[in-house]
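Pasting work25.cif here (mmCIF, C-alpha atoms and all ligand atoms):
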data_upload
loop_
_atom_site.group_PDB
_atom_site.id
_atom_site.type_symbol
_atom_site.label_atom_id
_atom_site.label_comp_id
_atom_site.auth_asym_id
_atom_site.auth_seq_id
_atom_site.Cartn_x
_atom_site.Cartn_y
_atom_site.Cartn_z
ATOM 1 C CA MET S 182 68.892 -16.122 241.349
ATOM 2 C CA LYS S 183 72.537 -16.612 241.939
ATOM 3 C CA TRP S 184 74.613 -18.403 244.533
ATOM 4 C CA GLN S 185 75.231 -15.163 246.413
ATOM 5 C CA ILE S 186 74.321 -14.115 249.880
ATOM 6 C CA LYS S 187 72.361 -11.042 248.833
ATOM 7 C CA GLU S 188 70.266 -13.165 246.492
ATOM 8 C CA ILE S 189 69.535 -15.593 249.296
ATOM 9 C CA ASP S 190 67.930 -12.779 251.256
ATOM 10 C CA ILE S 191 65.591 -12.152 248.342
ATOM 11 C CA TYR S 192 65.003 -15.868 247.971
ATOM 12 C CA LEU S 193 64.028 -16.296 251.601
ATOM 13 C CA GLN S 194 61.339 -13.678 251.190
ATOM 14 C CA ALA S 195 60.026 -15.039 247.926
ATOM 15 C CA LYS S 196 60.536 -18.777 248.250
ATOM 16 C CA GLU S 197 57.137 -19.721 246.922
ATOM 17 C CA TYR S 198 57.979 -18.094 243.589
ATOM 18 C CA VAL S 199 61.286 -19.866 243.073
ATOM 19 C CA ASP S 200 60.665 -23.478 242.137
ATOM 20 C CA THR S 201 63.310 -24.344 239.560
ATOM 21 C CA ALA S 202 66.937 -25.316 240.095
ATOM 22 C CA ILE S 203 69.570 -25.194 237.373
ATOM 23 C CA ILE S 204 72.562 -27.444 237.920
ATOM 24 C CA PRO S 205 75.429 -27.180 235.432
ATOM 25 C CA LEU S 206 77.271 -30.481 234.943
ATOM 26 C CA ILE S 207 80.897 -29.840 234.094
ATOM 27 C CA PRO S 208 83.471 -32.540 233.273
ATOM 28 C CA ILE S 209 87.137 -32.270 234.135
ATOM 29 C CA SER S 210 90.062 -34.030 232.517
ATOM 30 C CA TRP S 211 93.635 -33.009 232.071
ATOM 31 C CA GLY S 212 94.713 -35.112 229.098
ATOM 32 C CA ASN S 213 94.774 -34.575 225.362
ATOM 33 C CA ASP S 214 91.246 -33.295 225.363
ATOM 34 C CA ILE S 215 92.058 -30.489 227.783
ATOM 35 C CA LYS S 216 90.982 -27.814 225.341
ATOM 36 C CA SER S 217 87.617 -29.279 224.515
ATOM 37 C CA THR S 218 86.962 -29.951 228.181
ATOM 38 C CA VAL S 219 87.660 -26.388 229.182
ATOM 39 C CA GLN S 220 85.597 -25.175 226.292
ATOM 40 C CA MET S 221 82.620 -27.215 227.489
ATOM 41 C CA GLY S 222 82.934 -25.771 230.956
ATOM 42 C CA GLU S 223 83.160 -22.206 229.750
ATOM 43 C CA PHE S 224 80.269 -22.632 227.379
ATOM 44 C CA ILE S 225 77.954 -24.113 229.975
ATOM 45 C CA HIS S 226 78.937 -21.358 232.343
ATOM 46 C CA LEU S 227 77.876 -18.710 229.835
ATOM 47 C CA ILE S 228 74.631 -20.481 229.037
ATOM 48 C CA SER S 229 73.661 -20.959 232.661
ATOM 49 C CA ASP S 230 74.427 -17.307 233.461
ATOM 50 C CA GLU S 231 72.234 -16.228 230.617
ATOM 51 C CA LEU S 232 69.395 -18.544 231.628
ATOM 52 C CA GLU S 233 69.630 -17.158 235.116
ATOM 53 C CA ARG S 234 69.353 -13.624 233.772
ATOM 54 C CA GLN S 235 66.339 -14.572 231.706
ATOM 55 C CA PHE S 236 64.490 -16.315 234.535
ATOM 56 C CA LYS S 237 65.985 -14.706 237.593
ATOM 57 C CA GLY S 238 62.763 -14.612 239.597
ATOM 58 C CA ARG S 239 61.882 -18.266 239.259
ATOM 59 C CA VAL S 240 65.154 -20.088 238.806
ATOM 60 C CA PHE S 241 68.011 -20.716 241.188
ATOM 61 C CA GLN S 242 71.406 -21.242 239.573
ATOM 62 C CA PHE S 243 73.459 -23.722 241.596
ATOM 63 C CA PRO S 244 77.232 -24.081 241.590
ATOM 64 C CA PRO S 245 78.192 -26.679 238.999
ATOM 65 C CA TYR S 246 78.586 -30.338 239.724
ATOM 66 C CA THR S 247 82.104 -31.103 238.527
ATOM 67 C CA TYR S 248 83.380 -34.618 238.028
ATOM 68 C CA LEU S 249 86.305 -36.411 236.445
ATOM 69 C CA LYS S 250 85.599 -37.551 232.944
ATOM 70 C CA THR S 251 86.622 -41.012 234.121
ATOM 71 C CA GLU S 252 83.987 -41.144 236.825
ATOM 72 C CA LYS S 253 81.536 -43.941 236.103
ATOM 73 C CA LEU S 254 78.115 -43.059 234.825
ATOM 74 C CA GLU S 255 76.420 -45.063 237.551
ATOM 75 C CA GLU S 256 78.280 -43.100 240.192
ATOM 76 C CA ARG S 257 77.366 -39.776 238.659
ATOM 77 C CA LEU S 258 73.795 -40.910 238.494
ATOM 78 C CA ILE S 259 73.716 -41.825 242.156
ATOM 79 C CA LYS S 260 75.087 -38.402 243.061
ATOM 80 C CA MET S 261 72.680 -36.498 240.900
ATOM 81 C CA ASN S 262 69.759 -38.399 242.296
ATOM 82 C CA GLU S 263 70.910 -37.454 245.772
ATOM 83 C CA TRP S 264 70.998 -33.791 244.768
ATOM 84 C CA HIS S 265 67.602 -34.224 243.243
ATOM 85 C CA GLU S 266 66.087 -35.701 246.341
ATOM 86 C CA HIS S 267 67.557 -33.021 248.558
ATOM 87 C CA LEU S 268 66.369 -30.167 246.358
ATOM 88 C CA LYS S 269 62.898 -31.658 245.897
ATOM 89 C CA ASP S 270 62.574 -31.896 249.649
ATOM 90 C CA SER S 271 63.631 -28.267 249.892
ATOM 91 C CA GLY S 272 60.868 -26.968 247.680
ATOM 92 C CA PHE S 273 62.204 -27.145 244.129
ATOM 93 C CA HIS S 274 59.619 -28.649 241.790
ATOM 94 C CA HIS S 275 61.749 -28.525 238.664
ATOM 95 C CA ILE S 276 65.367 -29.474 238.259
ATOM 96 C CA ILE S 277 67.281 -28.762 235.094
ATOM 97 C CA TYR S 278 70.654 -30.381 234.479
ATOM 98 C CA LEU S 279 72.637 -28.366 231.992
ATOM 99 C CA THR S 280 75.593 -29.897 230.193
ATOM 100 C CA SER S 281 77.672 -30.151 227.023
ATOM 101 C CA ASP S 282 79.016 -33.556 227.974
ATOM 102 C CA VAL S 283 77.342 -36.094 225.732
ATOM 103 C CA ASP S 284 77.896 -38.933 228.242
ATOM 104 C CA TRP S 285 74.854 -37.829 230.186
ATOM 105 C CA LYS S 286 72.661 -38.615 227.199
ATOM 106 C CA GLN S 287 73.163 -42.300 227.951
ATOM 107 C CA ILE S 288 71.572 -42.018 231.357
ATOM 108 C CA GLU S 289 69.089 -39.300 230.514
ATOM 109 C CA SER S 290 66.084 -41.492 231.181
ATOM 110 C CA ASP S 291 67.416 -42.515 234.593
ATOM 111 C CA LEU S 292 67.848 -38.938 235.739
ATOM 112 C CA ASN S 293 64.959 -37.588 237.698
ATOM 113 C CA ASP S 294 63.738 -34.541 235.827
ATOM 114 C CA THR S 295 65.145 -32.710 232.809
ATOM 115 C CA LEU S 296 68.515 -32.927 231.085
ATOM 116 C CA LEU S 297 69.320 -30.041 228.781
ATOM 117 C CA TRP S 298 72.179 -31.107 226.590
ATOM 118 C CA VAL S 299 73.705 -28.348 224.472
ATOM 119 C CA PRO S 300 76.702 -29.127 222.291
ATOM 120 C CA SER S 301 79.361 -26.546 223.018
ATOM 121 C CA ILE S 302 80.223 -24.128 220.264
ATOM 122 C CA PRO S 303 83.769 -22.790 219.955
ATOM 123 C CA LEU S 304 83.284 -19.130 220.718
ATOM 124 C CA GLU S 305 86.863 -17.983 221.121
ATOM 125 C CA HIS S 306 87.320 -16.994 217.497
ATOM 126 C CA LEU S 307 84.056 -15.129 217.190
ATOM 127 C CA ASP S 308 83.982 -11.431 217.779
ATOM 128 C CA GLN S 309 81.799 -10.053 220.511
ATOM 129 C CA LYS S 310 78.777 -9.381 218.342
ATOM 130 C CA TYR S 311 78.567 -12.911 216.914
ATOM 131 C CA LYS S 312 79.291 -14.400 220.265
ATOM 132 C CA VAL S 313 76.272 -12.680 221.744
ATOM 133 C CA GLU S 314 74.162 -13.653 218.744
ATOM 134 C CA THR S 315 75.205 -17.290 218.856
ATOM 135 C CA LEU S 316 74.515 -17.518 222.541
ATOM 136 C CA SER S 317 71.164 -15.827 222.363
ATOM 137 C CA ASN S 318 70.109 -18.185 219.582
ATOM 138 C CA GLN S 319 70.903 -21.096 221.863
ATOM 139 C CA ILE S 320 69.006 -19.501 224.693
ATOM 140 C CA LYS S 321 65.990 -18.823 222.504
ATOM 141 C CA GLN S 322 65.663 -22.537 221.893
ATOM 142 C CA MET S 323 65.857 -23.313 225.587
ATOM 143 C CA ILE S 324 63.325 -20.775 226.805
ATOM 144 C CA PRO S 325 60.233 -22.648 225.592
ATOM 145 C CA ILE S 326 61.499 -25.857 227.181
ATOM 146 C CA LEU S 327 61.300 -24.184 230.568
ATOM 147 C CA THR S 328 58.125 -22.216 230.043
ATOM 148 C CA ASN S 329 56.308 -25.268 228.655
ATOM 149 C CA LYS S 330 57.460 -27.339 231.578
ATOM 150 C CA TRP S 331 56.056 -24.762 233.980
ATOM 151 C CA GLN S 332 52.841 -24.433 232.052
ATOM 152 C CA LYS S 333 52.305 -28.158 231.982
ATOM 153 C CA ASN S 334 52.862 -28.423 235.693
ATOM 154 C CA GLU S 335 50.411 -25.611 236.382
ATOM 155 C CA ASN S 336 47.763 -27.133 234.171
ATOM 156 C CA GLU S 337 48.117 -30.381 236.061
ATOM 157 C CA THR S 338 47.803 -28.819 239.473
ATOM 158 C CA ASN S 339 44.835 -26.638 238.466
ATOM 159 C CA MET P 250 130.675 -1.669 278.650
ATOM 160 C CA SER P 251 132.294 -4.977 278.391
ATOM 161 C CA GLU P 252 133.032 -6.782 275.238
ATOM 162 C CA LYS P 253 130.401 -9.289 276.155
ATOM 163 C CA ASP P 254 127.570 -6.794 275.862
ATOM 164 C CA HIS P 255 128.342 -6.170 272.290
ATOM 165 C CA LYS P 256 128.487 -9.700 271.255
ATOM 166 C CA VAL P 257 125.472 -10.833 269.377
ATOM 167 C CA SER P 258 124.879 -14.488 269.802
ATOM 168 C CA ARG P 259 124.005 -16.679 266.895
ATOM 169 C CA ARG P 260 120.462 -17.018 268.217
ATOM 170 C CA GLN P 261 120.010 -13.324 268.638
ATOM 171 C CA PHE P 262 121.363 -12.669 265.212
ATOM 172 C CA LEU P 263 118.900 -15.061 263.659
ATOM 173 C CA ASN P 264 116.123 -13.544 265.698
ATOM 174 C CA TYR P 265 116.851 -10.029 264.578
ATOM 175 C CA SER P 266 117.367 -10.844 260.991
ATOM 176 C CA LEU P 267 114.284 -13.048 260.734
ATOM 177 C CA THR P 268 112.081 -10.449 262.390
ATOM 178 C CA GLY P 269 113.466 -8.003 259.890
ATOM 179 C CA VAL P 270 112.718 -10.182 256.933
ATOM 180 C CA GLY P 271 109.356 -11.195 258.343
ATOM 181 C CA GLY P 272 108.348 -7.630 258.939
ATOM 182 C CA PHE P 273 109.418 -6.709 255.483
ATOM 183 C CA MET P 274 107.394 -9.555 254.016
ATOM 184 C CA ALA P 275 104.375 -8.700 256.094
ATOM 185 C CA ALA P 276 104.516 -5.138 254.881
ATOM 186 C CA GLY P 277 104.739 -6.395 251.339
ATOM 187 C CA ILE P 278 101.569 -8.381 251.839
ATOM 188 C CA THR P 279 99.508 -5.928 253.828
ATOM 189 C CA LEU P 280 100.118 -2.868 251.747
ATOM 190 C CA PRO P 281 98.588 -4.153 248.534
ATOM 191 C CA LEU P 282 95.652 -5.600 250.505
ATOM 192 C CA VAL P 283 94.924 -2.225 251.966
ATOM 193 C CA ARG P 284 95.102 -0.734 248.544
ATOM 194 C CA PHE P 285 92.694 -3.310 247.081
ATOM 195 C CA ALA P 286 90.333 -2.885 249.955
ATOM 196 C CA LEU P 287 90.199 0.854 249.559
ATOM 197 C CA ASP P 288 90.019 1.024 245.787
ATOM 198 C CA PRO P 289 86.407 -0.056 245.270
ATOM 199 C CA ALA P 290 85.258 2.257 247.999
ATOM 200 C CA LEU P 291 86.883 5.130 246.210
ATOM 201 C CA LYS P 292 84.979 4.286 243.068
ATOM 202 C CA VAL P 293 81.512 4.177 244.585
ATOM 203 C CA GLY P 294 79.228 6.798 243.212
ATOM 204 C CA GLU P 295 80.891 6.799 239.854
ATOM 205 C CA GLU P 296 78.254 7.358 237.186
ATOM 206 C CA THR P 297 77.467 4.496 234.834
ATOM 207 C CA GLU P 298 78.780 5.478 231.473
ATOM 208 C CA MET P 299 76.375 5.852 228.572
ATOM 209 C CA VAL P 300 76.585 2.988 226.087
ATOM 210 C CA ALA P 301 75.722 3.101 222.373
ATOM 211 C CA VAL P 302 72.763 0.780 221.897
ATOM 212 C CA ALA P 303 70.955 1.506 218.641
ATOM 213 C CA GLN P 304 70.644 3.765 215.636
ATOM 214 C CA VAL P 305 67.671 6.059 215.925
ATOM 215 C CA ASN P 306 66.603 5.255 212.369
ATOM 216 C CA GLU P 307 66.099 1.562 213.213
ATOM 217 C CA LEU P 308 63.435 2.402 215.780
ATOM 218 C CA THR P 309 59.716 2.043 215.079
ATOM 219 C CA ASN P 310 56.699 2.382 217.287
ATOM 220 C CA GLU P 311 56.810 -1.354 217.935
ATOM 221 C CA PRO P 312 59.135 -2.126 220.873
ATOM 222 C CA LYS P 313 62.327 -3.835 219.728
ATOM 223 C CA ARG P 314 64.838 -5.585 221.927
ATOM 224 C CA PHE P 315 68.475 -4.467 221.937
ATOM 225 C CA ASP P 316 71.231 -6.262 223.830
ATOM 226 C CA PHE P 317 74.361 -4.556 225.026
ATOM 227 C CA LYS P 318 77.166 -4.865 227.587
ATOM 228 C CA VAL P 319 78.114 -2.636 230.470
ATOM 229 C CA ASN P 320 81.067 -2.740 232.827
ATOM 230 C CA GLN P 321 80.136 -3.410 236.365
ATOM 231 C CA VAL P 322 82.327 -3.227 239.423
ATOM 232 C CA ASP P 323 81.393 -5.582 242.195
ATOM 233 C CA ALA P 324 83.778 -5.015 245.075
ATOM 234 C CA TRP P 325 87.131 -5.175 243.261
ATOM 235 C CA TYR P 326 85.910 -7.541 240.627
ATOM 236 C CA GLU P 327 85.170 -5.775 237.394
ATOM 237 C CA SER P 328 83.112 -7.615 234.840
ATOM 238 C CA GLU P 329 81.076 -7.140 231.718
ATOM 239 C CA VAL P 330 77.409 -7.782 232.251
ATOM 240 C CA SER P 331 74.662 -8.186 229.688
ATOM 241 C CA ARG P 332 71.821 -5.745 229.592
ATOM 242 C CA SER P 333 68.830 -5.442 227.318
ATOM 243 C CA ALA P 334 66.360 -2.727 226.559
ATOM 244 C CA TRP P 335 62.979 -2.564 224.855
ATOM 245 C CA VAL P 336 63.056 0.531 222.700
ATOM 246 C CA TYR P 337 60.431 2.257 220.560
ATOM 247 C CA GLU P 338 59.671 5.672 219.197
ATOM 248 C CA GLU P 339 56.300 7.286 219.601
ATOM 249 C CA ASP P 340 55.273 10.851 218.709
ATOM 250 C CA GLY P 341 58.912 11.780 218.205
ATOM 251 C CA LYS P 342 59.810 10.522 221.668
ATOM 252 C CA ILE P 343 62.109 7.580 222.299
ATOM 253 C CA VAL P 344 61.146 5.227 225.106
ATOM 254 C CA ALA P 345 63.748 2.743 226.400
ATOM 255 C CA LEU P 346 62.427 0.343 229.013
ATOM 256 C CA SER P 347 64.358 -2.126 231.103
ATOM 257 C CA PRO P 348 63.150 -5.698 230.493
ATOM 258 C CA VAL P 349 63.701 -6.636 234.127
ATOM 259 C CA CYS P 350 60.360 -7.568 235.650
ATOM 260 C CA THR P 351 59.732 -5.490 238.765
ATOM 261 C CA HIS P 352 58.350 -8.528 240.547
ATOM 262 C CA LEU P 353 61.428 -10.727 240.955
ATOM 263 C CA GLY P 354 63.598 -9.845 238.017
ATOM 264 C CA CYS P 355 62.873 -12.181 235.103
ATOM 265 C CA THR P 356 63.188 -10.802 231.586
ATOM 266 C CA VAL P 357 59.929 -9.656 229.997
ATOM 267 C CA ASP P 358 59.014 -10.180 226.370
ATOM 268 C CA TRP P 359 56.864 -7.995 224.122
ATOM 269 C CA ASP P 360 53.540 -9.295 222.866
ATOM 270 C CA ALA P 361 54.420 -12.876 223.757
ATOM 271 C CA SER P 362 51.264 -14.052 225.443
ATOM 272 C CA GLY P 363 47.860 -14.564 223.851
ATOM 273 C CA ASP P 364 46.250 -13.310 227.047
ATOM 274 C CA HIS P 365 48.153 -10.033 226.901
ATOM 275 C CA PRO P 366 48.411 -8.750 223.343
ATOM 276 C CA ASN P 367 50.491 -5.588 222.939
ATOM 277 C CA ARG P 368 51.808 -5.807 226.429
ATOM 278 C CA PHE P 369 55.080 -6.815 228.001
ATOM 279 C CA PHE P 370 54.760 -10.236 229.530
ATOM 280 C CA CYS P 371 56.813 -12.032 232.150
ATOM 281 C CA PRO P 372 56.976 -15.817 231.729
ATOM 282 C CA CYS P 373 57.916 -16.505 235.336
ATOM 283 C CA HIS P 374 54.735 -15.668 237.244
ATOM 284 C CA TYR P 375 52.749 -14.156 234.397
ATOM 285 C CA GLY P 376 53.253 -10.488 235.204
ATOM 286 C CA ALA P 377 52.103 -8.004 232.548
ATOM 287 C CA PHE P 378 52.932 -4.386 231.708
ATOM 288 C CA GLU P 379 51.414 -1.864 229.304
ATOM 289 C CA LYS P 380 53.473 -0.528 226.428
ATOM 290 C CA ASP P 381 54.622 2.448 228.504
ATOM 291 C CA GLY P 382 55.730 0.075 231.256
ATOM 292 C CA THR P 383 52.788 0.477 233.629
ATOM 293 C CA ASN P 384 52.149 -2.717 235.554
ATOM 294 C CA VAL P 385 48.818 -4.406 234.903
ATOM 295 C CA ASP P 386 46.549 -4.865 237.902
ATOM 296 C CA ARG P 387 46.091 -8.300 239.355
ATOM 297 C CA THR P 388 49.439 -9.559 238.053
ATOM 298 C CA PRO P 389 52.346 -9.959 240.511
ATOM 299 C CA PRO P 390 54.443 -6.848 239.719
ATOM 300 C CA THR P 391 53.609 -3.817 241.845
ATOM 301 C CA GLN P 392 55.497 -1.129 239.981
ATOM 302 C CA PRO P 393 56.180 -0.105 236.364
ATOM 303 C CA LEU P 394 59.185 -1.277 234.353
ATOM 304 C CA PHE P 395 62.266 0.906 234.838
ATOM 305 C CA LEU P 396 63.136 3.565 232.278
ATOM 306 C CA TYR P 397 66.705 3.977 231.009
ATOM 307 C CA ASP P 398 68.475 7.318 231.074
ATOM 308 C CA GLN P 399 68.982 8.178 227.439
ATOM 309 C CA GLU P 400 70.820 10.485 225.129
ATOM 310 C CA VAL P 401 70.921 10.834 221.341
ATOM 311 C CA ARG P 402 74.142 11.898 219.655
ATOM 312 C CA ASN P 403 74.608 11.938 215.868
ATOM 313 C CA GLY P 404 71.713 9.597 215.273
ATOM 314 C CA THR P 405 72.894 7.055 217.844
ATOM 315 C CA LEU P 406 70.940 6.206 220.959
ATOM 316 C CA TYR P 407 72.984 5.897 224.157
ATOM 317 C CA LEU P 408 71.560 4.356 227.304
ATOM 318 C CA GLY P 409 72.684 4.774 230.868
ATOM 319 C CA ARG P 410 71.185 3.581 234.083
ATOM 320 C CA PRO P 411 67.664 2.166 234.456
ATOM 321 C CA ARG P 412 65.557 4.152 236.919
ATOM 322 C CA PRO P 413 62.154 3.576 238.507
ATOM 323 C CA GLN P 414 59.313 5.513 236.902
ATOM 324 C CA VAL P 415 57.645 7.549 239.597
HETATM 325 S S1 LIG T 501 59.313 -12.180 238.060
HETATM 326 FE FE1 LIG T 501 57.933 -11.362 236.635
HETATM 327 S S2 LIG T 501 56.047 -11.932 237.412
HETATM 328 FE FE2 LIG T 501 57.407 -12.707 238.876
#
Please render this file's structure as structure tokens.
Amino acid sequence: MKWQIKEIDIYLQAKEYVDTAIIPLIPISWGNDIKSTVQMGEFIHLISDELERQFKGRVFQFPPYTYLKTEKLEERLIKMNEWHEHLKDSGFHHIIYLTSDVDWKQIESDLNDTLLWVPSIPLEHLDQKYKVETLSNQIKQMIPILTNKWQKNENETN
Amino acid sequence: MSEKDHKVSRRQFLNYSLTGVGGFMAAGITLPLVRFALDPALKVGEETEMVAVAQVNELTNEPKRFDFKVNQVDAWYESEVSRSAWVYEEDGKIVALSPVCTHLGCTVDWDASGDHPNRFFCPCHYGAFEKDGTNVDRTPPTQPLFLYDQEVRNGTLYLGRPRPQV
């Protein structure tokens, strides 16, 4: 489900079915690496939209957490753990952080729950057909990560 | 009338001229807003165009997934959105089903679960549908998968809007 008021109405009626939050992590910097930074943001945006479409009924797509590239890892970690705690308390059992920024890999084990790191692919020179193909290949690899996570959780609670 | 009546003081002059300019500016701002606000309303009810999705000769009686894009207008924001369809041909008839699970909208997959061979399966809350889209009892969905409007022209399959099967 999306961050939209009409989706919230559906959510409120079907809360018990929606247990997974997707949080895109998007870096910002306005230096020499401006192009690669924007590319990361755009790429993650596309991927998270597509994941939302795939899993609309179980996943809530949050607005991205944006941060300056210079922001310290420890600080980002503190923030994300605050988000995590808040969302857990609000009924989300699974939280997926989605990013192209490799920095997060360093603190992956300190994050509560799952980091999905996908290196961004330059899409701007591909024509529409390859763009769709490239993206759906990425998505195909991510689908089992989510479904297995759900399955595992259900096996444990059963 | 005395001369005095005709004299426009500096203050008055500024007042008049600023009101004039302000009014002019306000008109400049409001008019386009009105136009934007009305535009989408005028477009409501417009039929979704039919989009070329597949060649008829690539269809078999095993459902295959095709992805395509349609233009969607949401208020005054027009965007391209992704759609998919599960399409197969059986007894000379083409069936194009929407992959959107009728429970809460996840995307269903064909023949993807060991528990439901030759059925559409929804990974979110394990909904299942028969090949023709009928929802399987005792799984969360309560109605069949939607069926796309379709049209074949020169060997190409065009799809329109997904509609509930009644
Ligand atoms: S969204 Fe498909 S079973 Fe719930």
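This file, queried with the PyMOL selection byres (((chain P and resi 314) around 6) and not hetatm), gives the residues Lys313, Phe315, Ala334 and Trp335 of chain P.
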Site check for ligand LIG 501 (chain T): residues at most 9 Å away, all atoms listed in the file, as a list in words:
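My answer, listing the contacting residues, is Tyr198, Phe236, Lys237, Gly238 and Arg239 of chain S; Val349, Cys350, Thr351, His352, Leu353, Gly354, Cys355, Thr356, Val357, Phe370, Cys371, Pro372, Cys373, His374, Tyr375, Gly376, Ala377, Thr388, Pro389 and Pro390 of chain P.
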Within 10 Å of chain P, which residues belong to chain S? Use all atoms listed in the file and report them as a PyMOL selection string.
chain S and resi 182+191-192+195+198-199+230-240+309-310+313-314+317+324-325+327-329+331-332
Please write the residues picked by the PyMOL selection byres (((chain S and resi 275) around 12) and not hetatm) on this file as a ChimeraX atom specification.
/S:199-204,239-241,265-266,268-274,276-278,293-296,326-335
Given the selection you just returned, output its residues as a file containing C-alpha atoms, formatted as a compact mmCIF listing (two decimals), in the frame of the given file.
# COMPACT_ATOMS: atom_id res chain seq x y z
CA VAL S 199 61.29 -19.87 243.07
CA ASP S 200 60.66 -23.48 242.14
CA THR S 201 63.31 -24.34 239.56
CA ALA S 202 66.94 -25.32 240.10
CA ILE S 203 69.57 -25.19 237.37
CA ILE S 204 72.56 -27.44 237.92
CA ARG S 239 61.88 -18.27 239.26
CA VAL S 240 65.15 -20.09 238.81
CA PHE S 241 68.01 -20.72 241.19
CA HIS S 265 67.60 -34.22 243.24
CA GLU S 266 66.09 -35.70 246.34
CA LEU S 268 66.37 -30.17 246.36
CA LYS S 269 62.90 -31.66 245.90
CA ASP S 270 62.57 -31.90 249.65
CA SER S 271 63.63 -28.27 249.89
CA GLY S 272 60.87 -26.97 247.68
CA PHE S 273 62.20 -27.14 244.13
CA HIS S 274 59.62 -28.65 241.79
CA ILE S 276 65.37 -29.47 238.26
CA ILE S 277 67.28 -28.76 235.09
CA TYR S 278 70.65 -30.38 234.48
CA ASN S 293 64.96 -37.59 237.70
CA ASP S 294 63.74 -34.54 235.83
CA THR S 295 65.14 -32.71 232.81
CA LEU S 296 68.52 -32.93 231.08
CA ILE S 326 61.50 -25.86 227.18
CA LEU S 327 61.30 -24.18 230.57
CA THR S 328 58.12 -22.22 230.04
CA ASN S 329 56.31 -25.27 228.66
CA LYS S 330 57.46 -27.34 231.58
CA TRP S 331 56.06 -24.76 233.98
CA GLN S 332 52.84 -24.43 232.05
CA LYS S 333 52.30 -28.16 231.98
CA ASN S 334 52.86 -28.42 235.69
CA GLU S 335 50.41 -25.61 236.38
Using only C-alpha atoms, which residues sit within 10 Å of Thr251 in chain S once same-chain residues fewer than 6 positions away are excluded, as a list in words?
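Contacts, with the query itself left out: Pro208, Ile209 and Ser210 of chain S.
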Taking the file as shown, find all residues satisfying the PyMOL selection byres (((chain S and resi 216-225) around 8) and not hetatm) and write them as a list in words.
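Taken on the displayed file, the PyMOL selection byres (((chain S and resi 216-225) around 8) and not hetatm) yields the residues Pro205, Ile207, Pro208, Ile209, Ser210, Asn213, Asp214, Ile215, His226, Leu227, Ile228, Ser229, Leu279, Thr280, Ser281, Asp282, Ser301, Ile302 and Pro303 of chain S.
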Which polymer residues have any atom within 12 Å of an atom of Val302 in chain P, counting only C-alpha atoms, with same-chain residues fewer than 2 positions away left out, as a CSV table (one decimal) with C-alpha atoms, keeping the file's coordinate frame?
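Generated output (part-v7.csv):
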chain,number,residue,atom,x,y,z
P,299,MET,CA,76.4,5.9,228.6
P,300,VAL,CA,76.6,3.0,226.1
P,304,GLN,CA,70.6,3.8,215.6
P,305,VAL,CA,67.7,6.1,215.9
P,307,GLU,CA,66.1,1.6,213.2
P,308,LEU,CA,63.4,2.4,215.8
P,313,LYS,CA,62.3,-3.8,219.7
P,314,ARG,CA,64.8,-5.6,221.9
P,315,PHE,CA,68.5,-4.5,221.9
P,316,ASP,CA,71.2,-6.3,223.8
P,317,PHE,CA,74.4,-4.6,225.0
P,318,LYS,CA,77.2,-4.9,227.6
P,319,VAL,CA,78.1,-2.6,230.5
P,332,ARG,CA,71.8,-5.7,229.6
P,333,SER,CA,68.8,-5.4,227.3
P,334,ALA,CA,66.4,-2.7,226.6
P,335,TRP,CA,63.0,-2.6,224.9
P,336,VAL,CA,63.1,0.5,222.7
P,345,ALA,CA,63.7,2.7,226.4
P,397,TYR,CA,66.7,4.0,231.0
P,399,GLN,CA,69.0,8.2,227.4
P,400,GLU,CA,70.8,10.5,225.1
P,401,VAL,CA,70.9,10.8,221.3
P,402,ARG,CA,74.1,11.9,219.7
P,404,GLY,CA,71.7,9.6,215.3
P,405,THR,CA,72.9,7.1,217.8
P,406,LEU,CA,70.9,6.2,221.0
P,407,TYR,CA,73.0,5.9,224.2
P,408,LEU,CA,71.6,4.4,227.3
P,409,GLY,CA,72.7,4.8,230.9
For Val299 in chain S, which residue out of S:Lys312, S:Ile186, S:Leu249, S:Gln319 is the nearest one, using all atoms listed in the file?
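For Val299 in chain S, the nearest of the candidates is S:Gln319.
Atom to atom, CA of Arg412 in chain P and CA of Asp398 in chain P stand 7.3 Å apart.
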To one decimal place in Å, what is the distance between CA of Leu346 in chain P and CA of Leu394 in chain P?
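Spanning CA of Leu346 in chain P to CA of Leu394 in chain P is a straight-line distance of 6.5 Å.
Residues lying within 10 Å of His365 in chain P, counting all atoms listed in the file and ignoring same-chain neighbours fewer than 2 positions away, are Trp359, Asp360, Ala361, Ser362, Gly363, Asn367, Arg368, Phe369, Phe370, Tyr375, Gly376, Ala377, Phe378, Glu379 and Val385 of chain P.
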